[in-house]
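run.csv, holding CSV, C-alpha atoms:
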```csv
chain,number,residue,atom,x,y,z
H,1,MET,CA,17.5,234.2,136.0
H,2,THR,CA,21.1,233.0,136.7
H,3,GLY,CA,22.2,232.6,133.1
H,4,SER,CA,25.8,233.6,133.7
H,5,ASP,CA,26.3,231.2,136.7
H,6,PRO,CA,29.1,228.9,135.6
H,7,ARG,CA,27.7,226.1,137.7
H,8,LEU,CA,24.5,226.2,135.8
H,9,ALA,CA,26.3,226.3,132.4
H,10,ALA,CA,28.3,223.2,133.5
H,11,LEU,CA,25.0,221.4,134.5
H,12,ALA,CA,23.5,222.2,131.1
H,13,ASP,CA,26.7,221.0,129.3
H,14,LYS,CA,26.7,217.7,131.2
H,15,GLN,CA,23.0,217.2,130.4
H,16,GLU,CA,23.6,217.9,126.6
H,17,ILE,CA,26.6,215.5,126.6
H,18,ALA,CA,24.5,212.8,128.4
H,19,GLU,CA,21.8,213.1,125.7
H,20,VAL,CA,24.4,212.5,123.0
H,21,LEU,CA,25.3,209.3,124.7
H,22,TYR,CA,21.6,208.3,125.0
H,23,ARG,CA,21.0,209.2,121.4
H,24,TYR,CA,23.9,206.8,120.4
H,25,ALA,CA,22.1,204.0,122.3
H,26,ARG,CA,18.8,204.8,120.6
H,27,GLY,CA,20.6,204.8,117.3
H,28,CYS,CA,22.0,201.3,117.8
H,29,ASP,CA,18.8,199.9,119.2
H,30,ARG,CA,16.5,201.3,116.6
H,31,ALA,CA,19.1,201.0,113.8
H,32,ASP,CA,18.7,204.7,113.2
H,33,GLU,CA,21.6,205.7,111.1
H,34,ALA,CA,20.9,209.5,111.2
H,35,ALA,CA,20.7,209.4,115.0
H,36,LEU,CA,24.0,207.5,115.2
H,37,ARG,CA,25.8,209.7,112.8
H,38,SER,CA,24.6,212.9,114.6
H,39,CYS,CA,26.6,211.9,117.7
H,40,PHE,CA,30.0,212.3,116.0
H,41,HIS,CA,31.9,215.1,114.3
H,42,PRO,CA,32.9,214.2,110.8
H,43,GLU,CA,36.6,213.4,111.7
H,44,SER,CA,35.8,211.6,114.9
H,45,ALA,CA,38.1,208.6,115.6
H,46,HIS,CA,36.7,205.3,116.7
H,47,ASN,CA,38.4,202.4,118.5
H,48,HIS,CA,35.8,199.8,119.6
H,49,GLY,CA,35.9,196.0,119.4
H,50,MET,CA,37.7,194.9,116.2
H,51,PHE,CA,37.1,198.3,114.6
H,52,VAL,CA,39.7,201.1,114.4
H,53,GLY,CA,38.9,204.0,112.1
H,54,ARG,CA,36.5,206.8,111.6
H,55,SER,CA,33.3,207.0,113.7
H,56,TRP,CA,31.2,207.6,110.6
H,57,ASP,CA,32.6,204.4,109.1
H,58,PHE,CA,31.8,202.6,112.4
H,59,VAL,CA,28.2,203.8,112.0
H,60,GLY,CA,27.9,201.7,108.9
H,61,ARG,CA,29.3,198.7,110.7
H,62,ALA,CA,27.0,199.2,113.7
H,63,MET,CA,24.0,199.4,111.3
H,64,ALA,CA,25.1,196.2,109.6
H,65,ILE,CA,25.3,194.5,113.0
H,66,CYS,CA,22.2,196.0,114.7
H,67,ARG,CA,19.7,196.1,111.9
H,68,PRO,CA,19.3,192.3,111.5
H,69,LEU,CA,19.0,191.7,115.2
H,70,LYS,CA,15.7,190.4,116.5
H,71,ALA,CA,16.3,192.4,119.6
H,72,CYS,CA,19.0,194.9,120.7
H,73,LYS,CA,19.3,197.1,123.8
H,74,HIS,CA,21.9,199.5,125.0
H,75,MET,CA,21.7,201.0,128.5
H,76,ILE,CA,23.9,204.0,129.4
H,77,SER,CA,24.6,204.9,133.0
H,78,ASN,CA,27.3,206.5,135.2
H,79,VAL,CA,28.0,209.4,133.0
H,80,LEU,CA,31.0,211.2,134.5
H,81,VAL,CA,32.0,214.3,132.5
H,82,THR,CA,35.0,216.7,132.9
H,83,LEU,CA,34.5,220.0,131.1
H,84,ASP,CA,37.1,222.4,129.8
H,85,GLY,CA,35.4,225.2,127.8
H,86,ASP,CA,34.3,223.8,124.5
H,87,ARG,CA,36.1,220.5,125.1
H,88,ALA,CA,35.1,217.6,127.4
H,89,VAL,CA,36.1,214.1,128.3
H,90,SER,CA,33.4,211.6,129.4
H,91,GLU,CA,33.3,208.1,130.8
H,92,CYS,CA,30.0,206.3,130.7
H,93,HIS,CA,29.0,202.7,131.3
H,94,PHE,CA,27.1,200.7,128.8
H,95,TRP,CA,25.2,197.4,129.1
H,96,ALA,CA,24.1,195.8,125.9
H,97,HIS,CA,22.0,192.8,124.8
H,98,HIS,CA,21.8,191.4,121.3
H,99,ARG,CA,19.4,188.5,120.4
H,100,ARG,CA,21.4,187.2,117.4
H,101,ILE,CA,22.1,184.0,115.4
H,102,ASN,CA,25.0,182.0,116.4
H,103,GLU,CA,27.2,181.6,113.3
H,104,GLN,CA,28.3,178.1,114.1
H,105,SER,CA,25.0,176.5,115.2
H,106,GLY,CA,22.5,178.8,113.4
H,107,ALA,CA,20.5,178.9,116.6
H,108,GLU,CA,19.4,182.0,118.4
H,109,GLU,CA,21.5,183.2,121.3
H,110,ASP,CA,21.6,186.0,123.8
H,111,TYR,CA,24.8,188.1,123.8
H,112,PHE,CA,25.3,190.3,126.8
H,113,THR,CA,28.2,192.7,127.1
H,114,GLY,CA,29.1,195.6,129.3
H,115,GLY,CA,31.8,198.1,129.4
H,116,ARG,CA,32.5,201.8,129.1
H,117,TYR,CA,32.7,204.4,126.4
H,118,LEU,CA,35.7,206.7,126.9
H,119,ASP,CA,34.9,209.8,124.8
H,120,ARG,CA,36.4,213.1,123.9
H,121,LEU,CA,33.9,215.7,122.8
H,122,GLU,CA,33.9,219.1,121.3
H,123,ARG,CA,31.2,221.8,121.1
H,124,ARG,CA,31.0,223.4,117.7
H,125,ASP,CA,28.3,225.9,116.7
H,126,GLY,CA,26.7,225.3,120.2
H,127,GLU,CA,26.4,221.6,119.7
H,128,TRP,CA,28.4,218.9,121.6
H,129,LYS,CA,29.5,215.9,119.6
H,130,ILE,CA,32.1,213.1,120.1
H,131,ILE,CA,35.5,213.5,118.4
H,132,ALA,CA,37.1,210.3,119.7
H,133,ARG,CA,35.5,207.2,121.2
H,134,THR,CA,37.2,204.2,122.7
H,135,GLY,CA,35.0,201.3,123.8
H,136,VAL,CA,36.3,199.2,126.7
H,137,SER,CA,34.8,195.8,127.6
H,138,ASP,CA,34.3,194.7,131.2
H,139,PHE,CA,32.2,191.6,130.7
H,140,GLU,CA,30.7,189.4,128.1
H,141,ARG,CA,28.4,186.4,128.1
H,142,PHE,CA,26.6,184.2,125.5
H,143,ASP,CA,23.6,182.2,126.7
H,144,PRO,CA,20.8,180.3,125.0
H,145,PRO,CA,17.5,182.2,124.9
H,146,SER,CA,15.3,181.6,128.0
H,147,ASP,CA,12.3,183.9,127.4
H,148,ARG,CA,8.9,182.3,127.6
H,149,ASN,CA,6.2,184.5,126.0
H,150,MET,CA,7.7,187.8,125.0
H,151,TRP,CA,7.4,187.1,121.3
H,152,THR,CA,3.7,186.3,121.5
H,153,MET,CA,2.9,189.9,122.5
H,154,PRO,CA,1.4,192.2,119.9
H,155,ALA,CA,4.2,193.5,117.5
H,156,GLU,CA,3.7,197.1,118.6
H,157,LYS,CA,4.6,196.1,122.2
H,158,ILE,CA,8.0,194.8,121.1
H,159,GLY,CA,10.9,197.1,120.4
H,160,GLY,CA,11.3,197.7,116.7
H,161,LYS,CA,13.7,199.5,114.3
H,162,HIS,CA,13.6,202.9,112.8
H,163,PRO,CA,11.1,204.2,111.6
H,164,ASP,CA,8.6,201.6,112.9
H,165,ASP,CA,9.3,201.7,116.6
H,166,PRO,CA,6.6,203.6,118.5
H,167,VAL,CA,9.1,206.2,119.7
H,168,TYR,CA,9.1,207.8,116.3
H,169,ARG,CA,5.3,208.2,116.3
H,170,LEU,CA,5.5,209.7,119.7
H,171,GLU,CA,8.2,212.2,118.6
H,172,ALA,CA,6.2,213.0,115.4
H,173,SER,CA,3.2,213.8,117.6
H,174,MET,CA,5.3,216.7,119.0
H,175,GLY,CA,6.4,217.8,115.6
H,176,LYS,CA,9.9,216.3,116.2
H,177,GLY,CA,12.0,213.4,115.1
H,178,THR,CA,12.5,211.9,111.7
E,179,MET,CA,10.3,226.3,146.4
E,180,SER,CA,11.7,229.4,144.7
E,181,ARG,CA,13.4,229.1,141.3
E,182,ASP,CA,16.8,229.7,143.0
E,183,ASP,CA,16.1,226.9,145.5
E,184,GLN,CA,15.2,224.6,142.6
E,185,ILE,CA,18.4,225.4,140.8
E,186,GLN,CA,20.4,224.8,144.0
E,187,ALA,CA,18.7,221.5,144.5
E,188,LEU,CA,19.7,220.5,140.9
E,189,LEU,CA,23.3,221.4,141.5
E,190,ASP,CA,23.3,219.5,144.8
E,191,LYS,CA,21.8,216.4,143.2
E,192,GLN,CA,24.4,216.5,140.4
E,193,ALA,CA,27.2,216.7,142.9
E,194,ILE,CA,25.7,213.9,145.0
E,195,THR,CA,25.0,211.7,142.0
E,196,ASP,CA,28.7,212.1,140.9
E,197,LEU,CA,29.7,210.6,144.3
E,198,SER,CA,28.1,207.3,143.4
E,199,TYR,CA,29.7,207.3,139.9
E,200,ARG,CA,33.1,208.1,141.4
E,201,TYR,CA,32.5,205.3,144.0
E,202,SER,CA,31.8,202.8,141.1
E,203,ARG,CA,34.8,204.0,139.1
E,204,ALA,CA,37.0,203.6,142.2
E,205,ALA,CA,35.8,200.1,143.0
E,206,ASP,CA,36.0,199.0,139.4
E,207,ARG,CA,39.4,200.4,138.7
E,208,LEU,CA,40.8,199.6,142.3
E,209,ASP,CA,41.5,203.3,142.9
E,210,ARG,CA,41.9,203.5,146.7
E,211,GLU,CA,42.4,207.3,146.9
E,212,LEU,CA,39.3,208.0,144.8
E,213,LEU,CA,37.2,205.6,146.9
E,214,ALA,CA,38.3,207.3,150.1
E,215,SER,CA,37.5,210.7,148.7
E,216,VAL,CA,33.8,210.0,148.3
E,217,TYR,CA,33.4,209.5,152.1
E,218,TRP,CA,34.0,212.0,155.0
E,219,PRO,CA,37.0,210.7,157.0
E,220,ASP,CA,34.6,210.1,159.9
E,221,GLY,CA,32.1,208.3,157.6
E,222,THR,CA,30.9,204.8,158.1
E,223,ASP,CA,29.8,201.9,155.9
E,224,ASP,CA,27.6,198.8,156.4
E,225,HIS,CA,28.2,196.3,153.6
E,226,GLY,CA,26.9,193.3,155.7
E,227,ALA,CA,30.2,191.4,155.5
E,228,PHE,CA,31.9,194.6,156.6
E,229,VAL,CA,30.6,197.1,159.2
E,230,GLY,CA,32.8,199.9,160.3
E,231,SER,CA,34.6,203.2,159.5
E,232,ALA,CA,34.9,204.4,155.9
E,233,PRO,CA,38.8,204.2,155.8
E,234,ASP,CA,38.6,200.6,157.1
E,235,TYR,CA,35.9,199.8,154.5
E,236,VAL,CA,38.1,201.2,151.7
E,237,ASP,CA,40.9,198.8,152.8
E,238,TRP,CA,38.5,195.9,153.1
E,239,VAL,CA,36.8,196.3,149.7
E,240,ILE,CA,40.0,197.0,147.8
E,241,GLY,CA,41.5,193.9,149.2
E,242,LEU,CA,38.4,191.8,148.3
E,243,LEU,CA,38.1,193.2,144.8
E,244,SER,CA,41.8,192.8,144.1
E,245,GLY,CA,41.3,189.1,144.0
E,246,TRP,CA,38.6,189.2,141.3
E,247,ILE,CA,39.2,189.1,137.6
E,248,ALA,CA,36.8,191.9,136.6
E,249,VAL,CA,34.3,194.2,138.4
E,250,HIS,CA,31.8,196.6,136.8
E,251,HIS,CA,29.1,198.5,138.6
E,252,ASP,CA,26.2,200.4,137.0
E,253,ASN,CA,24.2,202.9,139.1
E,254,THR,CA,20.6,203.9,138.2
E,255,ASN,CA,17.4,205.2,139.9
E,256,ILE,CA,19.2,207.8,142.0
E,257,LEU,CA,16.6,209.4,144.3
E,258,ILE,CA,18.0,212.1,146.5
E,259,ASP,CA,16.2,214.0,149.3
E,260,ILE,CA,18.0,217.2,150.4
E,261,ASP,CA,17.5,218.7,153.9
E,262,GLY,CA,19.9,221.7,154.3
E,263,ASP,CA,23.4,220.4,154.7
E,264,THR,CA,22.2,216.8,155.0
E,265,ALA,CA,20.8,214.6,152.2
E,266,PHE,CA,19.5,211.0,151.9
E,267,GLY,CA,19.8,208.9,148.9
E,268,GLU,CA,18.7,205.6,147.4
E,269,VAL,CA,20.9,204.4,144.5
E,270,HIS,CA,20.3,201.2,142.6
E,271,TRP,CA,23.4,199.2,141.7
E,272,THR,CA,24.0,196.4,139.2
E,273,GLY,CA,27.3,194.6,139.7
E,274,TYR,CA,29.0,192.3,137.1
E,275,TYR,CA,31.7,190.3,138.7
E,276,THR,CA,34.0,187.7,137.3
E,277,TYR,CA,36.0,185.6,139.8
E,278,GLU,CA,37.1,182.1,140.2
E,279,VAL,CA,35.1,179.4,141.9
E,280,ASN,CA,36.9,176.1,142.3
E,281,GLY,CA,39.5,177.3,139.8
E,282,GLN,CA,37.0,178.2,137.1
E,283,PRO,CA,36.0,181.7,136.2
E,284,HIS,CA,32.4,182.5,136.9
E,285,ASP,CA,30.2,185.6,136.2
E,286,GLN,CA,28.0,186.9,139.0
E,287,LEU,CA,25.2,189.3,138.3
E,288,ALA,CA,24.1,191.0,141.5
E,289,VAL,CA,21.6,193.8,142.0
E,290,GLY,CA,20.9,195.9,145.0
E,291,ARG,CA,20.7,199.4,146.5
E,292,TYR,CA,22.8,201.8,148.5
E,293,ILE,CA,20.9,203.7,151.2
E,294,ASP,CA,23.0,206.7,151.9
E,295,ARG,CA,23.3,209.7,154.1
E,296,TYR,CA,25.3,212.6,152.8
E,297,GLU,CA,26.7,215.7,154.5
E,298,ARG,CA,27.8,219.1,153.0
E,299,ARG,CA,30.8,220.6,154.7
E,300,GLY,CA,32.6,223.7,153.4
E,301,GLY,CA,30.4,223.5,150.3
E,302,GLU,CA,31.4,219.9,149.5
E,303,TRP,CA,29.0,216.9,149.6
E,304,ARG,CA,30.4,213.5,150.6
E,305,ILE,CA,29.0,210.3,152.0
E,306,LYS,CA,28.6,210.2,155.8
E,307,HIS,CA,27.1,206.7,155.9
E,308,ARG,CA,26.4,204.1,153.2
E,309,THR,CA,24.4,200.9,153.7
E,310,CYS,CA,24.6,198.3,150.9
E,311,LEU,CA,21.5,196.2,150.4
E,312,SER,CA,21.2,193.2,148.0
E,313,ASP,CA,18.0,192.5,146.1
E,314,TRP,CA,18.9,189.5,143.9
E,315,SER,CA,21.9,187.7,142.3
E,316,ARG,CA,22.8,184.9,139.9
E,317,ILE,CA,26.1,183.2,139.2
E,318,GLU,CA,27.1,181.1,136.2
E,319,PRO,CA,30.3,179.8,134.6
E,320,SER,CA,32.0,182.5,132.6
E,321,VAL,CA,32.6,182.2,128.8
E,322,ASN,CA,36.2,183.3,129.6
E,323,TRP,CA,36.5,185.6,126.6
E,324,ARG,CA,39.5,187.4,128.1
E,325,THR,CA,41.8,184.6,127.2
E,326,ASP,CA,41.3,185.4,123.5
E,327,PRO,CA,43.9,188.0,122.7
E,328,ALA,CA,41.9,189.6,119.9
E,329,ARG,CA,38.8,190.0,122.0
E,330,SER,CA,40.7,191.2,125.1
E,331,ARG,CA,42.5,194.0,123.3
E,332,LEU,CA,40.1,196.5,124.7
E,333,ALA,CA,39.3,194.7,128.0
E,334,GLY,CA,38.8,196.8,131.1
E,335,LYS,CA,41.7,196.9,133.5
E,336,ARG,CA,42.6,198.4,136.8
E,337,LYS,CA,44.3,201.8,137.5
E,338,PRO,CA,46.7,202.8,135.9
E,339,ASP,CA,46.5,200.4,133.0
E,340,ASP,CA,42.9,201.0,132.0
E,341,LEU,CA,42.4,203.2,128.9
E,342,LEU,CA,40.4,205.6,131.0
E,343,TYR,CA,43.7,207.1,132.3
E,344,SER,CA,45.0,207.8,128.8
E,345,ALA,CA,41.7,208.9,127.3
E,346,ARG,CA,41.2,211.4,130.1
E,347,ARG,CA,44.2,213.5,128.8
E,348,LEU,CA,42.4,216.1,126.8
E,349,GLY,CA,43.7,216.0,123.2
E,350,ALA,CA,45.7,212.9,123.7
E,351,ALA,CA,45.9,210.4,120.8
E,352,ASP,CA,44.4,207.0,121.6
```
Could you render the structure from this file as structure tokens?
Amino acid sequence: MTGSDPRLAALADKQEIAEVLYRYARGCDRADEAALRSCFHPESAHNHGMFVGRSWDFVGRAMAICRPLKACKHMISNVLVTLDGDRAVSECHFWAHHRRINEQSGAEEDYFTGGRYLDRLERRDGEWKIIARTGVSDFERFDPPSDRNMWTMPAEKIGGKHPDDPVYRLEASMGKGT
Amino acid sequence: MSRDDQIQALLDKQAITDLSYRYSRAADRLDRELLASVYWPDGTDDHGAFVGSAPDYVDWVIGLLSGWIAVHHDNTNILIDIDGDTAFGEVHWTGYYTYEVNGQPHDQLAVGRYIDRYERRGGEWRIKHRTCLSDWSRIEPSVNWRTDPARSRLAGKRKPDDLLYSARRLGAAD
């Protein structure tokens, strides 16, 4: 076909990088440690919120935060990538919701936050992964829960954690996933 | 549609999608040059409160957003229809705005769509006309987290202070 067309190669690179960013969001939401870890090269540097250190250490922290949450959702959009051979820089937007317990009151609250991930990525052995991530915050809110009947729905219709969420059965049906 | 036509459509859609992402980056970071660069110089914009030429729109919206504390736009559901060197697009936007109302910071969540017409000239796609529609909105007092120095360490800023501009240097240390 047009396998040597550099425009097509760039399109494929951007798609692969976008899927790393989506896999990170899935890793947080499903508390899927292997998925999270797979987004980063081993020496990747992380600078997000109160955390400054190695990305693989941040994965442990993210798991500790996300796994106990009753609900957790990260949406990724506006993926803008600049490519330079086997290196790339990327800015993407994130929007996140955590249904969590307020440490002071002990009551449930909704935490909404949005910002951007500023990433440097490298392709090694044909695979793009992040080597440095900075998380920037653009907004943040805390509100009392206001849902009415979501939690009365059947459990399998509510987002769950790895490996219980239906997405893992769906992937297994294709012979993929964990 | 031949395989080559399909691939060309994919490349065109990527280029047109990036216009909306650059538009949002420009608005959020107050980057006047970047915002102007997504429109053709003879382009036009209808934002309701503003109707006119693209260069005048850039001045108007940069002036408006300069007075706000924080601005963040997400773009999703990008549907593009290509017809030769013209294209039409619908782009969903979600805006998170923090600004003062009666001296108190408030958060506005606003959602709508851009209805766009694009033109390709000399191989480059840009916006010829953008209409901005609003679908719904809420506004509530802000939690004002930016006043906490520990929490605001990595707060988004405008150009050139935002970390975007240092992170973009390939190989640069954070």
Enumerate as an MDAnalysis selection string the residues belonging to chain H that approach chain E to within 8 Å, with all atoms listed in the file taken into account. chainID H and resid 7:8 11 48:50 77:80 87:91 93 115 118:120 134:142
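We find atom CA of E:Pro338 and atom CA of H:Phe112 to be spaced 26.4 Å apart.
Residue nearest H:Arg133 within the list H:Ile101, H:Ala10, H:Val52, H:Met150: H:Val52 [criterion: smallest interatomic distance, all atoms listed in the file].
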Using all atoms listed in the file, which protein or nucleic acid residues come within 10 Å of H:Glu16? Drop anything in the same chain fewer than 6 positions from it, and give the result as a compact mmCIF listing (two decimals) with C-alpha atoms, keeping the file's coordinate frame.
```txt
# COMPACT_ATOMS: atom_id res chain seq x y z
CA ALA H 10 28.30 223.20 133.50
CA TYR H 22 21.60 208.30 125.00
CA GLU H 127 26.40 221.60 119.70
CA TRP H 128 28.40 218.90 121.60
CA LYS H 129 29.50 215.90 119.60
```
Find the residues near stretch 208-214 of chain E: any atom within 7 Å, counting all atoms listed in the file, skip ones fewer than 6 places away on the same chain, and give them as a list in words. Tyr201, Pro233, Val236, Ile240, Arg336 and Lys337 of chain E
Output for the residues just chosen: C-alpha atoms as a compact mmCIF listing (two decimals), in the coordinates of the input:
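As a result, again.txt now contains:
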```txt
# COMPACT_ATOMS: atom_id res chain seq x y z
CA TYR E 201 32.50 205.30 144.00
CA PRO E 233 38.80 204.20 155.80
CA VAL E 236 38.10 201.20 151.70
CA ILE E 240 40.00 197.00 147.80
CA ARG E 336 42.60 198.40 136.80
CA LYS E 337 44.30 201.80 137.50
```
Residues near E:Asp224, anyone? I mean within 7 Å using all atoms listed in the file, not counting same-chain ones fewer than 2 positions away, as a short mmCIF file (atom, residue, chain, number, x, y, z; two decimals) with C-alpha atoms, keeping the file's coordinate frame.
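So the final result, stored in out.cif, reads:
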```
data_model
loop_
_atom_site.label_atom_id
_atom_site.label_comp_id
_atom_site.auth_asym_id
_atom_site.auth_seq_id
_atom_site.Cartn_x
_atom_site.Cartn_y
_atom_site.Cartn_z
CA GLY E 226 26.90 193.30 155.70
CA PHE E 228 31.90 194.60 156.60
CA VAL E 229 30.60 197.10 159.20
CA GLY E 230 32.80 199.90 160.30
CA ARG E 308 26.40 204.10 153.20
CA THR E 309 24.40 200.90 153.70
CA CYS E 310 24.60 198.30 150.90
#
```
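With all atoms listed in the file as the basis for measurement, H:Ala25 is the residue among H:Leu83, H:Ala107, H:Ala34, H:Ala25 that approaches H:Trp95 most closely.
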Exercise: stretch 292-298 of chain E partners within 12 Å, only C-alpha atoms, chain neighbours under 5 positions left out, as a PDB file with C-alpha atoms, in the frame of the given file:
```pdb
ATOM      1  CA  ASP E 190      23.300 219.500 144.800  1.00  0.00           C
ATOM      2  CA  LYS E 191      21.800 216.400 143.200  1.00  0.00           C
ATOM      3  CA  ALA E 193      27.200 216.700 142.900  1.00  0.00           C
ATOM      4  CA  ILE E 194      25.700 213.900 145.000  1.00  0.00           C
ATOM      5  CA  THR E 195      25.000 211.700 142.000  1.00  0.00           C
ATOM      6  CA  LEU E 197      29.700 210.600 144.300  1.00  0.00           C
ATOM      7  CA  SER E 198      28.100 207.300 143.400  1.00  0.00           C
ATOM      8  CA  TYR E 201      32.500 205.300 144.000  1.00  0.00           C
ATOM      9  CA  SER E 202      31.800 202.800 141.100  1.00  0.00           C
ATOM     10  CA  VAL E 216      33.800 210.000 148.300  1.00  0.00           C
ATOM     11  CA  TYR E 217      33.400 209.500 152.100  1.00  0.00           C
ATOM     12  CA  TRP E 218      34.000 212.000 155.000  1.00  0.00           C
ATOM     13  CA  PRO E 219      37.000 210.700 157.000  1.00  0.00           C
ATOM     14  CA  ASP E 220      34.600 210.100 159.900  1.00  0.00           C
ATOM     15  CA  GLY E 221      32.100 208.300 157.600  1.00  0.00           C
ATOM     16  CA  THR E 222      30.900 204.800 158.100  1.00  0.00           C
ATOM     17  CA  ASP E 223      29.800 201.900 155.900  1.00  0.00           C
ATOM     18  CA  ASP E 224      27.600 198.800 156.400  1.00  0.00           C
ATOM     19  CA  HIS E 225      28.200 196.300 153.600  1.00  0.00           C
ATOM     20  CA  GLY E 226      26.900 193.300 155.700  1.00  0.00           C
ATOM     21  CA  ASN E 253      24.200 202.900 139.100  1.00  0.00           C
ATOM     22  CA  THR E 254      20.600 203.900 138.200  1.00  0.00           C
ATOM     23  CA  ASN E 255      17.400 205.200 139.900  1.00  0.00           C
ATOM     24  CA  ILE E 256      19.200 207.800 142.000  1.00  0.00           C
ATOM     25  CA  LEU E 257      16.600 209.400 144.300  1.00  0.00           C
ATOM     26  CA  ILE E 258      18.000 212.100 146.500  1.00  0.00           C
ATOM     27  CA  ASP E 259      16.200 214.000 149.300  1.00  0.00           C
ATOM     28  CA  ILE E 260      18.000 217.200 150.400  1.00  0.00           C
ATOM     29  CA  ASP E 261      17.500 218.700 153.900  1.00  0.00           C
ATOM     30  CA  GLY E 262      19.900 221.700 154.300  1.00  0.00           C
ATOM     31  CA  ASP E 263      23.400 220.400 154.700  1.00  0.00           C
ATOM     32  CA  THR E 264      22.200 216.800 155.000  1.00  0.00           C
ATOM     33  CA  ALA E 265      20.800 214.600 152.200  1.00  0.00           C
ATOM     34  CA  PHE E 266      19.500 211.000 151.900  1.00  0.00           C
ATOM     35  CA  GLY E 267      19.800 208.900 148.900  1.00  0.00           C
ATOM     36  CA  GLU E 268      18.700 205.600 147.400  1.00  0.00           C
ATOM     37  CA  VAL E 269      20.900 204.400 144.500  1.00  0.00           C
ATOM     38  CA  HIS E 270      20.300 201.200 142.600  1.00  0.00           C
ATOM     39  CA  TRP E 271      23.400 199.200 141.700  1.00  0.00           C
ATOM     40  CA  THR E 272      24.000 196.400 139.200  1.00  0.00           C
ATOM     41  CA  TRP E 303      29.000 216.900 149.600  1.00  0.00           C
ATOM     42  CA  ARG E 304      30.400 213.500 150.600  1.00  0.00           C
ATOM     43  CA  ILE E 305      29.000 210.300 152.000  1.00  0.00           C
ATOM     44  CA  LYS E 306      28.600 210.200 155.800  1.00  0.00           C
ATOM     45  CA  HIS E 307      27.100 206.700 155.900  1.00  0.00           C
ATOM     46  CA  ARG E 308      26.400 204.100 153.200  1.00  0.00           C
ATOM     47  CA  THR E 309      24.400 200.900 153.700  1.00  0.00           C
ATOM     48  CA  CYS E 310      24.600 198.300 150.900  1.00  0.00           C
ATOM     49  CA  LEU E 311      21.500 196.200 150.400  1.00  0.00           C
ATOM     50  CA  SER E 312      21.200 193.200 148.000  1.00  0.00           C
ATOM     51  CA  ASP E 313      18.000 192.500 146.100  1.00  0.00           C
TER      52      ASP E 313
END
```
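If all atoms listed in the file are the atoms counted, then among E:Arg299, E:Leu242, E:Ser215, E:Asn280 the closest residue to E:Ala227 is E:Leu242.
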Point to revise | Test item: residues at most 12 Å from H:Ser38, only C-alpha atoms, excluding those fewer than 6 positions along its chain, as an MDAnalysis selection string | key: chainID H and resid 19:24 26:27 32 44 55:56 59 127:131
